[in-house]
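Here's upload-v2.txt, which has compact mmCIF, C-alpha atoms:
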# COMPACT_ATOMS: atom_id res chain seq x y z
CA MET K 1 37.96 13.25 23.75
CA ALA K 2 35.33 11.87 26.06
CA THR K 3 34.06 9.97 23.09
CA GLU K 4 37.22 7.88 23.21
CA GLN K 5 37.45 7.47 26.98
CA ALA K 6 34.82 4.76 27.17
CA TYR K 7 33.02 2.65 24.62
CA ASP K 8 30.37 1.33 26.96
CA ALA K 9 26.66 1.17 26.33
CA PRO K 10 24.75 3.91 28.19
CA SER K 11 24.14 3.12 31.83
CA SER K 12 20.42 3.47 31.30
CA ALA K 13 20.50 0.47 28.96
CA ALA K 14 20.70 -1.78 32.02
CA VAL K 15 17.06 -0.94 32.66
CA GLY K 16 14.46 -2.05 30.15
CA PRO K 17 13.65 1.13 28.19
CA GLU K 18 10.09 2.16 27.45
CA ARG K 19 9.03 2.36 23.85
CA LEU K 20 8.75 6.12 23.57
CA TRP K 21 7.52 5.85 20.02
CA GLY K 22 5.27 2.86 20.52
CA ALA K 23 5.04 -0.17 18.25
CA GLY K 24 8.16 -1.71 19.73
CA GLU K 25 10.59 0.94 18.49
CA LEU K 26 13.44 2.03 20.74
CA ALA K 27 14.04 5.72 21.11
CA CYS K 28 16.65 7.91 22.76
CA THR K 29 16.02 11.52 23.72
CA LEU K 30 17.68 14.64 22.32
CA VAL K 31 17.15 17.73 24.46
CA SER K 32 17.62 20.54 21.98
CA ASN K 33 15.86 23.15 19.87
CA ASP K 34 18.74 23.47 17.42
CA GLU K 35 17.29 22.34 14.10
CA ARG K 36 20.71 21.65 12.58
CA LEU K 37 21.67 19.45 15.52
CA VAL K 38 18.31 17.65 15.51
CA GLU K 39 18.69 16.89 11.80
CA SER K 40 22.26 15.64 12.21
CA CYS K 41 21.32 13.36 15.12
CA ALA K 42 18.31 12.01 13.24
CA LEU K 43 20.56 10.84 10.39
CA ILE K 44 23.05 9.27 12.81
CA ALA K 45 20.26 7.48 14.70
CA LEU K 46 18.76 6.23 11.45
CA GLY K 47 21.98 4.37 10.69
CA ALA K 48 21.92 2.89 14.20
CA ALA K 49 18.26 1.76 13.82
CA VAL K 50 17.28 3.89 16.82
CA ARG K 51 14.70 6.67 16.91
CA ILE K 52 15.52 10.17 18.15
CA HIS K 53 12.81 11.72 20.30
CA GLN K 54 13.24 15.49 20.40
CA CYS K 55 12.60 17.06 23.78
CA ALA K 56 12.10 20.79 23.36
CA GLU K 57 11.04 21.54 26.94
CA LEU K 58 12.39 20.29 30.26
CA LYS K 59 8.93 19.27 31.41
CA ASP K 60 8.98 16.59 28.70
CA LEU K 61 12.17 14.89 29.92
CA PRO K 62 11.84 11.08 30.10
CA ALA K 63 11.88 9.21 33.38
CA PRO K 64 15.19 7.57 34.37
CA GLY K 65 15.78 4.26 32.62
CA ASN K 66 14.07 5.22 29.36
CA GLY K 67 17.18 5.13 27.21
CA PRO K 68 20.12 7.51 26.69
CA VAL K 69 19.52 11.25 26.92
CA LEU K 70 21.57 13.54 24.67
CA TRP K 71 21.80 17.26 25.43
CA GLY K 72 22.44 19.74 22.65
CA ALA K 73 24.78 22.66 23.23
CA ASP K 74 21.85 25.11 23.19
CA MET K 75 20.40 23.47 26.34
CA ALA K 76 23.48 21.76 27.81
CA GLY K 77 23.63 24.17 30.74
CA GLU K 78 20.28 22.86 31.93
CA ALA K 79 21.73 19.33 32.12
CA LEU K 80 23.54 20.28 35.33
CA ALA K 81 20.19 20.17 37.13
CA PHE K 82 19.52 16.65 35.79
CA PRO K 83 22.84 14.74 36.13
CA GLY K 84 21.04 11.39 36.20
CA LEU K 85 19.53 12.15 32.80
CA CYS K 86 22.65 13.11 30.90
CA ASP K 87 24.56 10.53 28.88
CA VAL K 88 26.03 12.71 26.12
CA VAL K 89 26.42 16.44 25.55
CA LEU K 90 26.90 17.27 21.91
CA GLY K 91 27.25 20.07 19.46
CA PHE K 92 29.53 21.44 16.76
CA GLU K 93 33.11 22.72 16.71
CA GLU K 94 32.11 26.16 17.97
CA ASP K 95 30.52 24.56 21.07
CA ASP K 96 33.65 22.67 22.10
CA GLN K 97 34.60 24.69 25.19
CA GLN K 98 31.06 24.90 26.55
CA LEU K 99 30.43 21.16 26.18
CA TRP K 100 33.64 20.19 27.94
CA SER K 101 32.79 22.55 30.78
CA VAL K 102 29.39 20.92 31.28
CA ALA K 103 30.76 17.39 30.96
CA SER K 104 33.42 18.07 33.59
CA GLN K 105 30.63 18.64 36.12
CA ILE K 106 28.69 15.46 35.23
CA PRO K 107 31.07 12.53 35.82
CA ARG K 108 29.49 9.99 33.49
CA ALA K 109 28.64 12.37 30.65
CA ARG K 110 30.42 11.98 27.33
CA VAL K 111 31.17 14.66 24.78
CA ALA K 112 30.43 14.37 21.06
CA ILE K 113 31.70 17.12 18.77
CA LEU K 114 30.10 16.81 15.35
CA PRO K 115 30.94 16.00 12.66
CA ARG K 116 34.12 14.26 13.81
CA ALA K 117 32.30 12.25 16.51
CA GLN K 118 29.56 11.14 14.10
CA GLN K 119 30.85 7.58 13.75
CA TRP K 120 31.34 7.18 17.50
CA LEU K 121 27.84 8.44 18.26
CA GLY K 122 26.34 6.04 15.71
CA GLU K 123 28.22 3.10 17.25
CA TYR K 124 27.25 4.24 20.75
CA LEU K 125 23.54 4.34 19.91
CA GLY K 126 23.73 1.14 17.88
CA LEU K 127 25.37 -0.74 20.74
CA TRP K 128 22.75 0.55 23.15
CA GLY K 129 19.95 -0.47 20.80
CA MET K 130 21.46 -3.93 20.39
CA ARG K 131 21.64 -4.51 24.15
CA ALA K 132 18.46 -2.70 25.12
CA GLY K 133 15.98 -5.45 24.31
CA GLN K 134 14.14 -6.98 27.22
CA ALA K 135 13.96 -10.56 25.98
CA HIS K 136 15.72 -13.39 27.79
CA CYS K 137 17.76 -15.29 25.22
CA LEU K 138 18.51 -19.00 25.73
CA SER K 139 20.61 -20.99 23.29
CA LEU K 140 20.51 -24.77 23.09
CA GLY K 141 23.32 -26.57 21.30
CA SER K 142 24.36 -30.19 21.10
CA LEU K 143 27.57 -32.18 21.18
CA ALA K 144 26.14 -34.82 18.83
CA GLY K 145 23.25 -35.19 16.43
CA GLY K 146 19.99 -36.94 17.25
CA LEU K 147 19.87 -35.97 20.93
CA GLY K 148 16.55 -34.18 20.69
CA THR K 149 17.94 -30.65 21.04
CA SER K 150 15.52 -29.15 18.51
CA THR K 151 12.62 -30.90 20.21
CA LEU K 152 13.72 -29.57 23.58
CA ALA K 153 14.12 -26.04 22.19
CA ALA K 154 10.62 -26.10 20.72
CA LEU K 155 9.08 -27.36 23.95
CA VAL K 156 10.88 -24.73 26.05
CA ALA K 157 9.72 -21.95 23.73
CA HIS K 158 6.11 -23.07 23.90
CA ALA K 159 6.34 -23.60 27.64
CA GLY K 160 7.33 -19.95 27.83
CA THR K 161 4.21 -19.03 25.88
CA LEU K 162 2.05 -21.05 28.28
CA CYS K 163 3.67 -19.09 31.14
CA GLY K 164 2.53 -15.83 29.59
CA LEU K 165 5.73 -14.86 27.76
CA LYS K 166 5.86 -13.68 24.17
CA SER K 167 8.13 -16.44 22.85
CA LEU K 168 10.13 -16.93 19.67
CA LEU K 169 11.78 -20.18 18.59
CA ILE K 170 14.75 -19.49 16.29
CA ASP K 171 16.27 -22.20 14.10
CA LEU K 172 19.96 -21.35 13.79
CA ASP K 173 21.17 -24.88 13.19
CA PRO K 174 23.56 -24.69 10.20
CA HIS K 175 22.46 -28.21 9.22
CA SER K 176 18.76 -27.62 9.79
CA THR K 177 16.11 -29.34 7.72
CA GLY K 178 13.46 -27.05 9.16
CA LEU K 179 11.36 -27.30 12.30
CA TRP K 180 7.93 -27.40 10.71
CA PRO K 181 7.55 -31.20 10.29
CA ARG K 182 7.63 -31.77 14.04
CA VAL K 183 5.78 -28.59 15.07
CA THR K 184 2.91 -28.65 12.59
CA LEU K 185 1.97 -30.48 9.40
CA ASP K 186 0.41 -27.30 8.00
CA PRO K 187 2.94 -24.44 8.34
CA PRO K 188 1.19 -21.09 8.94
CA THR K 189 1.77 -18.11 6.70
CA GLY K 190 4.59 -15.74 7.53
CA ILE K 191 8.22 -15.05 6.77
CA GLY K 192 11.06 -17.53 7.19
CA TRP K 193 14.82 -17.39 6.84
CA GLU K 194 14.62 -17.45 3.05
CA GLU K 195 12.60 -14.20 3.02
CA LEU K 196 14.87 -12.55 5.58
CA CYS K 197 17.90 -13.46 3.49
CA ARG K 198 16.44 -11.33 0.70
CA SER K 199 15.72 -8.41 3.00
CA GLY K 200 17.98 -5.45 3.60
CA GLY K 201 18.33 -2.68 6.14
CA ALA K 202 17.14 -2.67 9.73
CA LEU K 203 14.48 -5.06 11.00
CA ALA K 204 11.75 -3.26 12.93
CA PRO K 205 10.76 -5.21 16.08
CA HIS K 206 7.02 -4.68 15.57
CA GLN K 207 7.23 -5.84 11.95
CA LEU K 208 9.07 -8.96 13.04
CA VAL K 209 6.37 -9.73 15.61
CA ASP K 210 3.62 -9.16 13.07
CA THR K 211 5.09 -11.18 10.20
CA LEU K 212 6.66 -14.26 11.81
CA PRO K 213 4.41 -17.33 11.68
CA THR K 214 2.99 -18.57 14.97
CA VAL K 215 1.76 -21.93 16.22
CA ARG K 216 -0.38 -21.79 19.36
CA ASP K 217 0.86 -18.21 19.90
CA THR K 218 4.53 -19.26 19.78
CA ALA K 219 6.44 -17.53 16.98
CA VAL K 220 8.76 -19.71 14.89
CA LEU K 221 11.61 -18.69 12.59
CA THR K 222 12.89 -21.56 10.49
CA TRP K 223 13.29 -22.65 6.88
CA SER K 224 10.22 -23.50 4.81
CA PRO K 225 9.79 -27.17 3.86
CA SER K 226 10.63 -26.40 0.23
CA ALA K 227 13.70 -24.27 0.96
CA ALA K 228 17.26 -25.50 1.03
CA PRO K 229 19.03 -23.98 4.06
CA SER K 230 21.97 -21.78 3.17
CA GLU K 231 24.67 -20.05 5.17
CA LEU K 232 23.26 -17.02 6.97
CA ASP K 233 24.98 -13.66 6.70
CA GLU K 234 26.43 -12.58 10.03
CA GLN K 235 24.91 -9.10 9.83
CA LEU K 236 21.49 -10.58 9.16
CA VAL K 237 21.78 -12.65 12.34
CA VAL K 238 22.80 -9.52 14.27
CA ARG K 239 19.83 -7.55 12.93
CA LEU K 240 17.45 -10.40 13.62
CA LEU K 241 18.56 -10.98 17.20
CA ALA K 242 18.66 -7.26 17.99
CA ALA K 243 15.09 -6.79 16.75
CA ALA K 244 13.85 -10.01 18.38
CA ARG K 245 15.21 -8.96 21.78
CA GLN K 246 13.11 -5.82 21.51
CA GLY K 247 9.92 -7.47 20.28
CA PHE K 248 9.72 -10.63 22.40
CA ASP K 249 10.06 -11.71 26.02
CA LEU K 250 11.80 -15.04 25.40
CA LEU K 251 14.09 -16.19 22.59
CA VAL K 252 15.00 -19.87 22.36
CA VAL K 253 17.76 -20.42 19.81
CA ASP K 254 18.49 -23.89 18.43
CA THR K 255 22.16 -23.63 17.42
CA GLY K 256 22.68 -27.24 16.34
CA ARG K 257 26.01 -28.89 16.93
CA ALA K 258 28.77 -26.98 18.71
CA VAL K 259 30.78 -24.99 17.79
CA HIS K 260 28.44 -22.66 15.92
CA PRO K 261 30.10 -20.74 13.05
CA GLN K 262 28.63 -17.48 14.41
CA ARG K 263 29.42 -18.14 18.01
CA ALA K 264 30.96 -14.70 18.53
CA VAL K 265 27.72 -13.05 17.40
CA LEU K 266 25.56 -15.25 19.59
CA GLU K 267 27.62 -14.46 22.66
CA GLN K 268 26.64 -10.80 22.31
CA PHE K 269 22.95 -11.61 22.67
CA VAL K 270 22.60 -14.86 24.57
CA ASP K 271 21.91 -14.69 28.30
CA ARG K 272 22.31 -18.41 28.88
CA GLN K 273 23.99 -21.16 26.87
CA VAL K 274 23.13 -24.81 27.45
CA LEU K 275 24.48 -27.93 25.74
CA THR K 276 22.85 -31.32 25.34
CA CYS K 277 25.01 -34.44 25.53
CA GLU K 278 24.70 -38.18 25.72
CA ASP K 279 24.32 -39.79 29.11
CA THR K 280 27.68 -41.50 28.70
CA GLY K 281 31.25 -40.40 28.97
CA LYS K 282 32.69 -37.32 30.60
CA PRO K 283 30.26 -34.39 30.84
CA PRO K 284 31.25 -30.98 29.42
CA VAL K 285 32.28 -28.18 31.75
CA GLU K 286 29.51 -25.90 30.40
CA ALA K 287 25.91 -25.99 31.59
CA HIS K 288 24.48 -29.15 30.09
CA ILE K 289 21.54 -31.52 29.94
CA ARG K 290 21.96 -35.25 29.43
CA CYS K 291 19.67 -36.83 26.88
CA GLY K 292 18.61 -40.32 25.93
CA PRO K 293 18.36 -43.41 28.15
CA ARG K 294 19.70 -42.93 31.66
CA ASN K 295 23.10 -44.38 32.47
CA LEU K 296 22.94 -45.09 36.17
CA ARG K 297 26.70 -45.58 36.38
CA ASN K 298 27.12 -41.90 35.53
CA SER K 299 24.64 -40.70 38.14
CA ASN K 300 27.40 -39.63 40.53
CA THR K 301 29.57 -37.84 37.96
CA ALA K 302 27.27 -34.85 37.49
CA THR K 303 29.03 -31.52 37.90
CA GLY K 304 27.67 -28.27 39.22
CA GLN K 305 26.78 -27.40 35.61
CA TYR K 306 24.54 -30.44 35.24
CA LEU K 307 20.96 -29.23 34.86
CA GLY K 308 19.18 -32.56 34.62
CA HIS K 309 18.11 -35.33 32.30
CA PHE K 310 15.75 -35.09 29.35
CA SER K 311 14.51 -38.00 27.31
CA SER K 312 11.90 -38.29 24.60
CA LEU K 313 8.91 -39.55 26.56
CA PRO K 314 6.28 -41.58 24.66
CA ARG K 315 3.94 -38.58 24.69
CA ILE K 316 6.61 -36.47 22.98
CA SER K 317 7.43 -39.14 20.38
CA ARG K 318 3.77 -39.56 19.46
CA ALA K 319 3.30 -35.80 19.16
CA ILE K 320 6.31 -35.52 16.82
CA GLN K 321 5.00 -38.33 14.64
CA ARG K 322 1.68 -36.51 14.29
CA GLY K 323 3.39 -33.17 13.67
CA VAL K 324 1.86 -31.57 16.76
CA LEU K 325 4.83 -31.34 19.13
CA PHE K 326 3.31 -28.61 21.28
CA ASP K 327 0.48 -31.00 22.20
CA ALA K 328 3.02 -32.90 24.30
CA LEU K 329 2.85 -30.12 26.88
CA ARG K 330 -0.68 -31.18 27.73
CA SER K 331 0.99 -34.00 29.64
CA ARG K 332 1.74 -33.16 33.25
CA LYS K 333 4.72 -35.52 33.15
CA VAL K 334 6.24 -33.63 30.22
CA ARG K 335 5.63 -30.28 31.87
CA HIS K 336 7.27 -31.47 35.08
CA ALA K 337 10.28 -32.83 33.15
CA LEU K 338 10.80 -29.44 31.56
CA ALA K 339 10.23 -27.54 34.80
CA ASP K 340 12.92 -29.62 36.51
CA LEU K 341 15.50 -28.30 34.00
CA ARG K 342 14.75 -24.69 35.04
CA LEU K 343 15.46 -23.25 31.62
CA LEU K 344 12.81 -20.53 31.67
CA PRO K 345 13.58 -17.14 33.22
CA GLU K 346 12.04 -16.57 36.61
CA SER K 347 8.64 -14.92 36.37
CA GLU K 348 5.33 -15.06 38.10
CA GLY K 349 4.00 -17.29 35.35
CA ASN K 350 6.58 -20.08 35.61
CA LYS K 351 6.80 -20.10 39.39
CA ARG K 352 3.39 -21.74 39.61

Please re-express this file's structure in structure tokens.
Amino acid sequence: MATEQAYDAPSSAAVGPERLWGAGELACTLVSNDERLVESCALIALGAAVRIHQCAELKDLPAPGNGPVLWGADMAGEALAFPGLCDVVLGFEEDDQQLWSVASQIPRARVAILPRAQQWLGEYLGLWGMRAGQAHCLSLGSLAGGLGTSTLAALVAHAGTLCGLKSLLIDLDPHSTGLWPRVTLDPPTGIGWEELCRSGGALAPHQLVDTLPTVRDTAVLTWSPSAAPSELDEQLVVRLLAAARQGFDLLVVDTGRAVHPQRAVLEQFVDRQVLTCEDTGKPPVEAHIRCGPRNLRNSNTATGQYLGHFSSLPRISRAIQRGVLFDALRSRKVRHALADLRLLPESEGNKR
């Protein structure tokens, strides 16, 4: 079956999809007037946390790049006129011959015969939804404790906000004691990890945006001061990152000390991984930032993955002591130190 020939995300996922349903929800399109097929696809999409937008007339077809387009057997013949808008042709057992005939004329089209292809179609849509978010995801980990990785992550996230990005700082440090003491002495209202651990089902991107606490317009997900951090369920992390990629422009993930127990999950979402290390000894082969006092003897040992040096400037230390870390970015020296590391994605805002 074509459903088994390739398990790739739809080609249209490479382009940031529009929110056809608004409010940050991702939607794919089903071109069909077959009520039985529409109902079946709606149930499959529900399990994949993706909306199905029914397109009953060809004039309502989405523009290219707006997510996968599925063609029902009742309108599959029309797909031949729109080969760039056909990801899957689908129907039931009685439509088998017709669907294969159409798919043979559209090279990248896949065939889904329900109900036996139900699981594949759910995985296909789920994988697309997971990868379809527009956010740039940066993870910061450390090779040792006390290097200032959490401080750096918080500053990068807020620097993104100041550049006009919708930023989220995510505390994924397994040994975290919470980020609030350094960010603010009066944590704002909103959900934290402890509430998410009690949640179930899919996380809607717009609900995540609306309910996470913010400080100076930078969203923060961490543990509350009174909560004892516990091991996070892998599926919760997947749901959180998938929704966050859809609701924000920039995710900065503090992963704590390497190697993170959910490294395999993070690698599915992270666009860039950076380590912090001491300014002594042999540097890691991965992209890294040296922290702490400068060791001039190591100045010539930097590799091509060396991004720069970051130390806790007096302005940063004073801001942490007062619980107002983001205030440190009022200092031009601090802003320049961060800019030199080039951790933010290129945009008009951070080019200035």

Quick one: everything within 8 Å of Arg272 of chain K, counting all atoms listed in the file, minus sequence neighbours fewer than 5 positions away in the same chain. Send it as a PyMOL selection string. chain K and resi 137-139

Using only C-alpha atoms, which protein or nucleic acid residues come within 9 Å of segment 31-35 of chain K? Drop anything in the same chain fewer than 5 positions from it, and give the result as a PyMOL selection string. chain K and resi 40+53-58+61+69-76

Could you pull the residues within 9 Å of segment 175-184 of chain K, counting all atoms listed in the file, minus those fewer than 5 positions along the same chain, as a PyMOL selection string? chain K and resi 150-151+154+215+220-225+227-230+256-257+319-326

Separation of atom CA of Leu152 of chain K and atom CA of Gln235 of chain K, in Å?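 Distance reported for this atom pair: 27.1 Å.
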
Of the candidates K:Leu196, K:Asp171, K:Val237, K:Ala204, which one gets nearest to Ala219 of chain K if we count only C-alpha atoms?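 Looking at the shortest contact to Ala219 of chain K, the residue is K:Asp171.
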